[in-house]
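Shown here: my_file.txt, compact mmCIF, C-alpha atoms.
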# COMPACT_ATOMS: atom_id res chain seq x y z
CA MET S 63 129.35 151.15 31.78
CA ALA S 64 129.69 147.79 33.42
CA LEU S 65 132.10 147.54 36.27
CA SER S 66 134.51 144.63 36.59
CA ARG S 67 132.59 141.40 36.73
CA LYS S 68 133.40 138.15 38.48
CA GLU S 69 134.01 136.19 35.29
CA ASP S 70 136.56 138.82 34.27
CA CYS S 71 138.57 138.06 37.33
CA LYS S 72 139.67 134.55 36.43
CA PRO S 73 143.39 134.53 37.03
CA LEU S 74 145.56 135.12 34.03
CA MET S 75 148.92 135.29 35.66
CA LEU S 76 148.45 138.15 37.99
CA ASN S 77 146.17 136.56 40.56
CA SER S 78 146.47 139.30 43.10
CA LEU S 79 145.40 141.92 40.60
CA LYS S 80 141.81 140.82 40.45
CA PRO S 81 139.89 144.05 39.96
CA LYS S 82 137.37 144.23 42.75
CA THR S 83 135.86 147.53 41.80
CA MET S 84 136.89 150.24 39.46
CA PRO S 85 138.78 153.04 41.20
CA LEU S 86 136.58 156.00 41.95
CA GLN S 87 138.46 158.35 39.69
CA LEU S 88 137.93 156.19 36.63
CA SER S 89 134.37 155.06 37.11
CA LEU S 90 131.45 156.67 35.39
CA PRO S 91 129.00 158.61 37.56
CA GLN S 92 126.69 156.53 39.71
CA GLN S 93 123.65 158.17 38.23
CA SER S 94 123.58 156.50 34.87
CA PHE S 95 121.17 156.54 31.96
CA LEU S 96 119.22 153.46 31.03
CA PRO S 97 120.13 152.29 27.51
CA GLU S 98 116.75 153.42 26.19
CA GLU S 99 117.10 156.81 27.83
CA GLU S 100 120.58 157.21 26.40
CA LYS S 101 119.38 156.17 22.95
CA LEU S 102 116.68 158.79 23.13
CA LEU S 103 119.17 161.47 24.17
CA ILE S 104 121.46 160.54 21.28
CA GLU S 105 118.60 160.73 18.81
CA ARG S 106 117.62 164.15 20.11
CA ALA S 107 121.24 165.33 19.94
CA GLN S 108 121.51 164.07 16.37
CA LYS S 109 118.64 166.37 15.47
CA ASP S 110 119.81 169.32 17.55
CA PRO S 111 123.37 169.46 18.97
CA ARG S 112 122.19 171.53 21.94
CA PHE S 113 120.66 168.34 23.35
CA PHE S 114 124.12 166.82 23.56
CA ALA S 115 124.63 168.66 26.87
CA PRO S 116 123.44 165.83 29.20
CA LEU S 117 125.71 163.34 27.44
CA TYR S 118 128.61 165.77 27.72
CA GLU S 119 127.96 166.28 31.43
CA ARG S 120 127.82 162.56 32.02
CA TYR S 121 130.93 161.49 30.16
CA HIS S 122 133.25 164.49 30.49
CA ASP S 123 134.91 163.30 33.69
CA ALA S 124 135.53 159.72 32.50
CA ILE S 125 136.98 160.88 29.18
CA PHE S 126 139.14 163.51 30.88
CA ARG S 127 140.63 160.93 33.25
CA TYR S 128 141.26 158.49 30.42
CA VAL S 129 143.17 161.22 28.59
CA TYR S 130 144.88 162.62 31.69
CA ARG S 131 146.50 159.27 32.56
CA ARG S 132 148.06 159.19 29.10
CA VAL S 133 149.43 162.70 28.73
CA ASP S 134 152.07 164.61 30.57
CA GLU S 135 150.31 167.88 31.28
CA GLU S 136 146.93 168.59 32.77
CA GLU S 137 146.15 171.48 30.42
CA GLN S 138 146.80 169.24 27.43
CA ALA S 139 144.41 166.69 28.87
CA TYR S 140 141.69 169.37 29.08
CA ASP S 141 142.40 170.48 25.50
CA ILE S 142 142.31 166.96 24.13
CA THR S 143 139.10 166.24 26.07
CA SER S 144 137.48 169.30 24.51
CA SER S 145 138.48 168.23 21.03
CA VAL S 146 137.10 164.74 21.71
CA PHE S 147 133.67 166.24 22.34
CA VAL S 148 133.86 168.57 19.34
CA LYS S 149 134.76 165.56 17.16
CA ALA S 150 131.96 163.56 18.75
CA LEU S 151 129.46 166.30 17.86
CA GLN S 152 130.80 166.39 14.30
CA ALA S 153 130.44 162.65 13.88
CA LEU S 154 127.24 162.22 15.87
CA HIS S 155 125.03 162.01 12.76
CA LYS S 156 126.96 158.87 11.74
CA TYR S 157 126.55 157.21 15.13
CA GLU S 158 124.30 154.16 15.15
CA TYR S 159 123.30 152.38 18.31
CA ARG S 160 124.43 148.76 17.99
CA GLY S 161 124.24 147.60 21.57
CA LEU S 162 127.58 149.08 22.61
CA PRO S 163 127.47 151.82 25.24
CA PHE S 164 127.84 155.35 23.95
CA SER S 165 130.88 155.77 26.20
CA ALA S 166 132.76 153.12 24.15
CA TRP S 167 132.29 155.27 21.06
CA LEU S 168 133.58 158.33 22.96
CA PHE S 169 136.60 156.41 24.28
CA ARG S 170 137.51 155.41 20.74
CA ILE S 171 137.40 159.04 19.64
CA ALA S 172 139.54 159.91 22.68
CA LYS S 173 142.04 157.23 21.73
CA SER S 174 142.30 158.54 18.21
CA GLU S 175 142.63 162.17 19.38
CA LEU S 176 145.34 161.14 21.83
CA TYR S 177 147.39 159.40 19.16
CA GLN S 178 146.94 162.37 16.86
CA SER S 179 148.46 164.56 19.60
CA PHE S 180 151.36 162.15 20.08
CA ARG S 181 152.03 162.13 16.34
CA ASP S 182 151.87 165.92 16.16
CA GLN S 183 154.15 165.94 19.21
CA LYS S 184 151.77 168.19 21.06
CA ALA S 185 151.63 165.72 23.94
CA GLN S 186 153.97 163.22 25.54
CA ARG S 187 152.75 159.61 25.83
CA THR S 188 152.53 158.94 29.52
CA VAL S 189 151.61 155.93 31.63
CA SER S 190 150.36 156.68 35.13
CA ILE S 191 150.90 153.85 37.58
CA ASP S 192 150.23 153.50 41.28
CA LYS S 193 153.22 152.13 43.17
CA VAL S 194 150.95 149.66 44.98
CA VAL S 195 149.91 148.08 41.67
CA LEU S 196 153.51 147.97 40.52
CA LYS S 197 154.46 146.19 43.72
CA GLN S 198 151.63 143.68 43.30
CA VAL S 199 152.81 142.82 39.79
CA ILE S 200 156.38 142.30 40.93
CA GLU S 201 155.37 140.19 43.91
CA GLU S 202 153.56 137.86 41.51
CA TRP S 203 156.75 137.20 39.63
CA THR S 204 159.48 137.33 42.23
CA GLU S 205 159.83 136.36 45.84
CA ASP S 206 160.87 139.75 47.11
CA TYR S 207 160.09 143.21 45.97
CA THR S 208 163.16 145.34 45.50
CA GLU S 209 163.77 148.75 44.02
CA GLN S 210 165.79 147.02 41.33
CA ASP S 211 162.78 144.94 40.33
CA LYS S 212 160.71 148.08 40.11
CA ALA S 213 163.22 149.66 37.75
CA ARG S 214 163.30 146.45 35.70
CA LEU S 215 159.56 146.40 35.33
CA LEU S 216 159.49 150.02 34.21
CA VAL S 217 162.09 149.26 31.55
CA ALA S 218 160.15 146.13 30.50
CA LEU S 219 156.99 148.23 30.11
CA LYS S 220 158.79 150.52 27.71
CA GLU S 221 159.71 147.56 25.53
CA LEU S 222 156.14 146.48 24.94
CA LYS S 223 154.38 147.25 21.68
CA ASP S 224 151.89 150.06 21.98
CA GLN S 225 148.80 147.85 21.79
CA GLN S 226 150.19 145.52 24.45
CA LEU S 227 150.96 148.45 26.68
CA GLN S 228 147.45 149.83 26.21
CA LEU S 229 145.92 146.51 27.24
CA ILE S 230 148.08 146.19 30.33
CA GLU S 231 147.45 149.82 31.20
CA MET S 232 143.68 149.45 31.00
CA ARG S 233 143.48 146.08 32.71
CA PHE S 234 145.95 146.42 35.55
CA PHE S 235 146.59 150.11 36.10
CA GLU S 236 143.06 151.30 35.45
CA LYS S 237 141.28 148.10 36.55
CA ARG S 238 138.89 147.99 33.61
CA SER S 239 136.87 144.90 32.82
CA PHE S 240 137.64 142.88 29.68
CA LYS S 241 134.23 143.83 28.35
CA GLU S 242 135.10 147.51 28.66
CA ILE S 243 138.58 147.02 27.21
CA GLY S 244 137.04 145.21 24.26
CA GLU S 245 134.58 148.03 23.69
CA ILE S 246 137.30 150.67 23.77
CA CYS S 247 139.71 148.73 21.53
CA GLY S 248 137.08 147.39 19.14
CA LEU S 249 137.65 143.77 20.22
CA SER S 250 135.36 141.08 21.51
CA GLU S 251 135.52 140.39 25.24
CA ASN S 252 137.28 137.06 24.64
CA ASN S 253 139.72 138.58 22.21
CA ALA S 254 140.56 141.30 24.72
CA LYS S 255 141.18 138.60 27.32
CA VAL S 256 143.47 136.60 25.03
CA LYS S 257 145.42 139.64 23.87
CA THR S 258 145.87 140.87 27.43
CA PHE S 259 147.11 137.43 28.45
CA ARG S 260 149.69 137.53 25.65
CA ALA S 261 150.72 141.04 26.62
CA VAL S 262 151.28 139.92 30.22
CA LEU S 263 153.39 137.00 28.99
CA LYS S 264 155.48 139.36 26.92
CA LEU S 265 155.92 141.75 29.83
CA LYS S 266 156.98 138.88 32.08
CA GLN S 267 159.45 137.73 29.46
CA PHE S 268 160.98 141.22 29.15
CA PHE S 269 161.04 141.51 32.93
CA HIS S 270 163.03 138.28 33.38
CA GLN S 271 165.35 139.11 30.50
CA LYS S 272 166.56 142.11 32.46
CA GLU S 273 167.77 139.96 35.36
CA MET Z 1489 158.12 156.20 17.45
CA ILE Z 1490 156.36 157.60 20.47
CA MET Z 1491 158.52 158.18 23.54
CA LEU Z 1492 157.08 156.87 26.74
CA LYS Z 1493 157.11 158.52 30.13
CA ILE Z 1494 156.06 156.64 33.24
CA ILE Z 1495 154.70 158.57 36.20
CA LEU Z 1496 154.30 156.87 39.55
CA ASP Z 1497 151.57 157.77 42.05
CA ARG Z 1498 150.37 160.69 40.03
CA LYS Z 1499 147.86 162.94 41.75
CA GLU Z 1500 144.63 163.33 39.82
CA PRO Z 1501 142.48 166.45 39.93
CA GLY Z 1502 139.30 166.08 41.97
CA ILE Z 1503 135.81 165.74 40.52
CA GLU Z 1504 134.95 169.35 41.34
CA GLU Z 1505 138.12 170.65 39.72
CA VAL Z 1506 137.36 168.73 36.54
CA ARG Z 1507 133.77 169.93 36.61
CA GLN Z 1508 134.99 173.52 36.62
CA HIS Z 1509 136.52 172.87 33.21
CA GLN Z 1510 133.26 171.59 31.78
CA ASN Z 1511 131.87 174.12 29.40
CA PHE Z 1512 129.36 172.80 26.95
CA ASP Z 1513 128.74 176.23 25.41
CA GLU Z 1514 132.39 176.38 24.38
CA ILE Z 1515 132.18 172.94 22.77
CA LEU Z 1516 128.97 173.87 20.99
CA ALA Z 1517 130.50 177.15 19.75
CA ALA Z 1518 133.58 175.34 18.39
CA PHE Z 1519 131.36 172.79 16.69
CA THR Z 1520 129.10 175.47 15.14
CA TYR Z 1521 132.10 177.44 13.93
CA GLN Z 1522 133.70 174.38 12.34
CA GLN Z 1523 130.44 173.46 10.67
CA LYS Z 1524 130.22 176.93 9.23
CA VAL Z 1525 133.82 176.84 7.99
CA ASN Z 1526 133.49 173.36 6.55
CA ASN Z 1527 130.26 174.12 4.72
CA PRO Z 1528 131.19 174.43 1.02
CA TRP Z 1529 127.95 176.31 0.24
CA ARG Z 1530 129.05 179.32 2.24
CA TYR Z 1531 131.38 180.25 -0.62
CA TRP Z 1532 128.35 180.43 -2.92
CA TYR Z 1533 126.04 182.49 -0.79
CA TYR Z 1534 127.66 185.88 -1.34
CA PRO Z 1535 128.39 185.61 -5.09
CA LEU Z 1536 124.89 184.24 -5.67
CA LEU Z 1537 123.17 187.13 -3.98
CA PRO Z 1538 124.14 189.85 -6.55
CA VAL Z 1539 123.44 187.43 -9.40
CA CYS Z 1540 119.96 186.81 -8.10
CA LEU Z 1541 119.39 190.53 -7.68
CA LEU Z 1542 120.56 191.13 -11.26
CA LEU Z 1543 118.26 188.43 -12.56
CA LEU Z 1544 115.36 189.90 -10.67
CA ALA Z 1545 116.12 193.34 -12.05

With the file now loaded, output its structure as structure tokens.
Amino acid sequence: MALSRKEDCKPLMLNSLKPKTMPLQLSLPQQSFLPEEEKLLIERAQKDPRFFAPLYERYHDAIFRYVYRRVDEEEQAYDITSSVFVKALQALHKYEYRGLPFSAWLFRIAKSELYQSFRDQKAQRTVSIDKVVLKQVIEEWTEDYTEQDKARLLVALKELKDQQLQLIEMRFFEKRSFKEIGEICGLSENNAKVKTFRAVLKLKQFFHQKE
Amino acid sequence: MIMLKIILDRKEPGIEEVRQHQNFDEILAAFTYQQKVNNPWRYWYYPLLPVCLLLLA
């Protein structure tokens, strides 16, 4: 999976939030498959599910962390991650390689499993944010950072529509590239950029309304 | 509507801790079981067997 690229870092509104690198906990393992190698592994796994093991080993951590940041309890995150891979095995025969990384397909399954859990009320929708990032966002919009601003931003986040929140979450809290966001959300890179820009505008608007 | 909870500076489990929860055999077993359960032909196997035996007899 591509890390954040320079062209992704053109300022939207949050200049200081330029993702330099993806945080260690969210990045895929350094040792990555070449697209051809991955394609071969997928084809083998489509014929015999036992050959899915290397793909499972490679993507388990990234999927787990994606889920973990969105649910309240760790055990639930492990359960949802397991069901993501069971679903992936079930649907693997339908998978066709169309230039998108295999991880994007897994992330989409994870997203759908997560929302199924929220609907069934098995899990609580959670957003995990680092205080440093929160501070950076506020400092972009106001002169001083105060505890009151922090509380205002948290309230503003809760007022966003779910898709807007997802975009902000992936871009600013998880430091994903627009390319990656697009792949996960089923959008083009440009579309992801535009939608994220609109989401930021909305968040800013909600933030200033609370003044 | 989904209720939202925001957690600040949440501690994430380490790579090794996550790896301990990796169990491909478990995933494979769940997949195999579900395939077996979802296979509509399995309901035909057992009734068909005595019929075949009767026909052969």

Pick from S:Arg112, S:Arg233, S:Lys156, S:Arg238, whichever lies nearest to Lys257 in chain S using only C-alpha atoms: S:Arg233

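The closest residue to Val133 in chain S, picked from S:Tyr157, S:Tyr118, S:Phe164, S:Tyr177 and counting only C-alpha atoms, is S:Tyr177.
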
Dump as a Markdown table the rows for residues of chain S within 7 Å of chain Z: closest atom pair and distance in Å with one decimal, only C-alpha atoms counted, ordered by chain and rising residue number.
| residue | atom | partner | partner_atom | distance |
| --- | --- | --- | --- | --- |
| S:Ala115 | CA | Z:Phe1512 | CA | 6.3 |
| S:Asp123 | CA | Z:Val1506 | CA | 6.6 |
| S:Ser144 | CA | Z:Ile1515 | CA | 6.7 |
| S:Phe147 | CA | Z:Ile1515 | CA | 6.9 |
| S:Val148 | CA | Z:Phe1519 | CA | 5.6 |
| S:Leu151 | CA | Z:Phe1519 | CA | 6.9 |
| S:Gln152 | CA | Z:Phe1519 | CA | 6.9 |
| S:Phe180 | CA | Z:Ile1490 | CA | 6.8 |
| S:Arg187 | CA | Z:Leu1492 | CA | 5.2 |
| S:Thr188 | CA | Z:Lys1493 | CA | 4.6 |
| S:Val189 | CA | Z:Ile1494 | CA | 4.8 |
| S:Ser190 | CA | Z:Ile1495 | CA | 4.9 |
| S:Ile191 | CA | Z:Leu1496 | CA | 5.0 |
| S:Asp192 | CA | Z:Asp1497 | CA | 4.5 |
| S:Lys193 | CA | Z:Asp1497 | CA | 6.0 |
| S:Lys220 | CA | Z:Leu1492 | CA | 6.6 |

Could you take the residues named above and write them with C-alpha atoms, as a PDB file, keeping the file's coordinate frame?
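out_33.pdb, written as the output of this step:
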ATOM      1  CA  ALA S 115     124.630 168.660  26.870  1.00  0.00           C
ATOM      2  CA  ASP S 123     134.910 163.300  33.690  1.00  0.00           C
ATOM      3  CA  SER S 144     137.480 169.300  24.510  1.00  0.00           C
ATOM      4  CA  PHE S 147     133.670 166.240  22.340  1.00  0.00           C
ATOM      5  CA  VAL S 148     133.860 168.570  19.340  1.00  0.00           C
ATOM      6  CA  LEU S 151     129.460 166.300  17.860  1.00  0.00           C
ATOM      7  CA  GLN S 152     130.800 166.390  14.300  1.00  0.00           C
ATOM      8  CA  PHE S 180     151.360 162.150  20.080  1.00  0.00           C
ATOM      9  CA  ARG S 187     152.750 159.610  25.830  1.00  0.00           C
ATOM     10  CA  THR S 188     152.530 158.940  29.520  1.00  0.00           C
ATOM     11  CA  VAL S 189     151.610 155.930  31.630  1.00  0.00           C
ATOM     12  CA  SER S 190     150.360 156.680  35.130  1.00  0.00           C
ATOM     13  CA  ILE S 191     150.900 153.850  37.580  1.00  0.00           C
ATOM     14  CA  ASP S 192     150.230 153.500  41.280  1.00  0.00           C
ATOM     15  CA  LYS S 193     153.220 152.130  43.170  1.00  0.00           C
ATOM     16  CA  LYS S 220     158.790 150.520  27.710  1.00  0.00           C
TER      17      LYS S 220
END

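Here CA of Arg131 in chain S stands at a distance of 18.6 Å from CA of Val217 in chain S.
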
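The coordinates place CA of Glu137 in chain S at 25.3 Å from CA of Cys247 in chain S.
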
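Here the question is which of S:Phe259, S:Leu102, S:Ala166, S:Ile246 gets nearest to Gln226 in chain S using all atoms listed in the file, and that residue is S:Phe259.
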
Go ahead and compute the interatomic distance for CA of Leu222 in chain S and CA of Leu162 in chain S, in Å to one decimal. 28.8 Å

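Checking S:Ala254, S:Ala185, S:Leu154, S:Ala218 one by one against Tyr130 in chain S, counting all atoms listed in the file, you find the shortest gap at S:Ala185.
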
Centre, x/y/z edge lengths, axis-aligned box for range 98-102 of chain S with 3 Å per side, as AutoDock Vina command-line options:
--center_x 118.6 --center_y 156.1 --center_z 25.4 --size_x 9.9 --size_y 11.4 --size_z 10.9

Please list as a compact mmCIF listing (two decimals) with C-alpha atoms, in the frame of the given file every residue within 10 Å of Ala213 in chain S, counting only C-alpha atoms and excluding residues in the same chain fewer than 5 positions away.
# COMPACT_ATOMS: atom_id res chain seq x y z
CA THR S 208 163.16 145.34 45.50
CA ALA S 218 160.15 146.13 30.50
CA LEU S 219 156.99 148.23 30.11
CA PHE S 269 161.04 141.51 32.93
CA LYS S 272 166.56 142.11 32.46

Using only C-alpha atoms, determine which residues lie at most 9 Å from Ser145 in chain S, disregarding the query and same-chain residues fewer than 3 positions distant; provide the list as number ranges by chain. S: 140-142, 148-150, 172, 175; Z: 1515

Test item: write range 1499-1512 of chain Z with N, CA, C and O atoms as a compact mmCIF listing (two decimals), in the first residue's frame:
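Okay, this is what ended up in selection.txt:
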# COMPACT_ATOMS: atom_id res chain seq x y z
N LYS Z 1499 -4.24 3.82 23.85
CA LYS Z 1499 -3.05 2.97 23.72
C LYS Z 1499 -3.40 1.79 22.82
O LYS Z 1499 -4.44 1.15 23.01
N GLU Z 1500 -2.55 1.54 21.85
CA GLU Z 1500 -2.82 0.42 20.94
C GLU Z 1500 -1.98 -0.78 21.33
O GLU Z 1500 -0.85 -0.63 21.78
N PRO Z 1501 -2.52 -1.98 21.14
CA PRO Z 1501 -1.70 -3.16 21.44
C PRO Z 1501 -0.50 -3.25 20.49
O PRO Z 1501 -0.60 -2.83 19.34
N GLY Z 1502 0.59 -3.78 20.99
CA GLY Z 1502 1.81 -3.89 20.19
C GLY Z 1502 1.69 -4.94 19.10
O GLY Z 1502 0.77 -5.78 19.12
N ILE Z 1503 2.64 -4.90 18.16
CA ILE Z 1503 2.62 -5.83 17.03
C ILE Z 1503 2.63 -7.28 17.51
O ILE Z 1503 1.87 -8.12 17.02
N GLU Z 1504 3.47 -7.56 18.51
CA GLU Z 1504 3.57 -8.94 19.01
C GLU Z 1504 2.26 -9.41 19.63
O GLU Z 1504 1.85 -10.56 19.46
N GLU Z 1505 1.63 -8.50 20.36
CA GLU Z 1505 0.36 -8.84 21.02
C GLU Z 1505 -0.71 -9.16 19.99
O GLU Z 1505 -1.48 -10.11 20.15
N VAL Z 1506 -0.73 -8.39 18.91
CA VAL Z 1506 -1.71 -8.63 17.85
C VAL Z 1506 -1.39 -9.95 17.15
O VAL Z 1506 -2.29 -10.74 16.85
N ARG Z 1507 -0.10 -10.18 16.97
CA ARG Z 1507 0.32 -11.42 16.28
C ARG Z 1507 -0.12 -12.66 17.05
O ARG Z 1507 -0.42 -13.69 16.47
N GLN Z 1508 -0.16 -12.54 18.37
CA GLN Z 1508 -0.58 -13.68 19.18
C GLN Z 1508 -2.03 -14.07 18.91
O GLN Z 1508 -2.44 -15.19 19.13
N HIS Z 1509 -2.79 -13.10 18.43
CA HIS Z 1509 -4.20 -13.38 18.13
C HIS Z 1509 -4.40 -13.89 16.70
O HIS Z 1509 -5.52 -14.20 16.32
N GLN Z 1510 -3.32 -13.94 15.94
CA GLN Z 1510 -3.45 -14.45 14.57
C GLN Z 1510 -3.57 -15.96 14.64
O GLN Z 1510 -2.74 -16.63 15.24
N ASN Z 1511 -4.62 -16.46 14.04
CA ASN Z 1511 -4.76 -17.90 14.00
C ASN Z 1511 -5.48 -18.29 12.72
O ASN Z 1511 -6.70 -18.27 12.64
N PHE Z 1512 -4.67 -18.59 11.72
CA PHE Z 1512 -5.27 -18.86 10.42
C PHE Z 1512 -6.08 -20.16 10.43
O PHE Z 1512 -7.10 -20.26 9.74
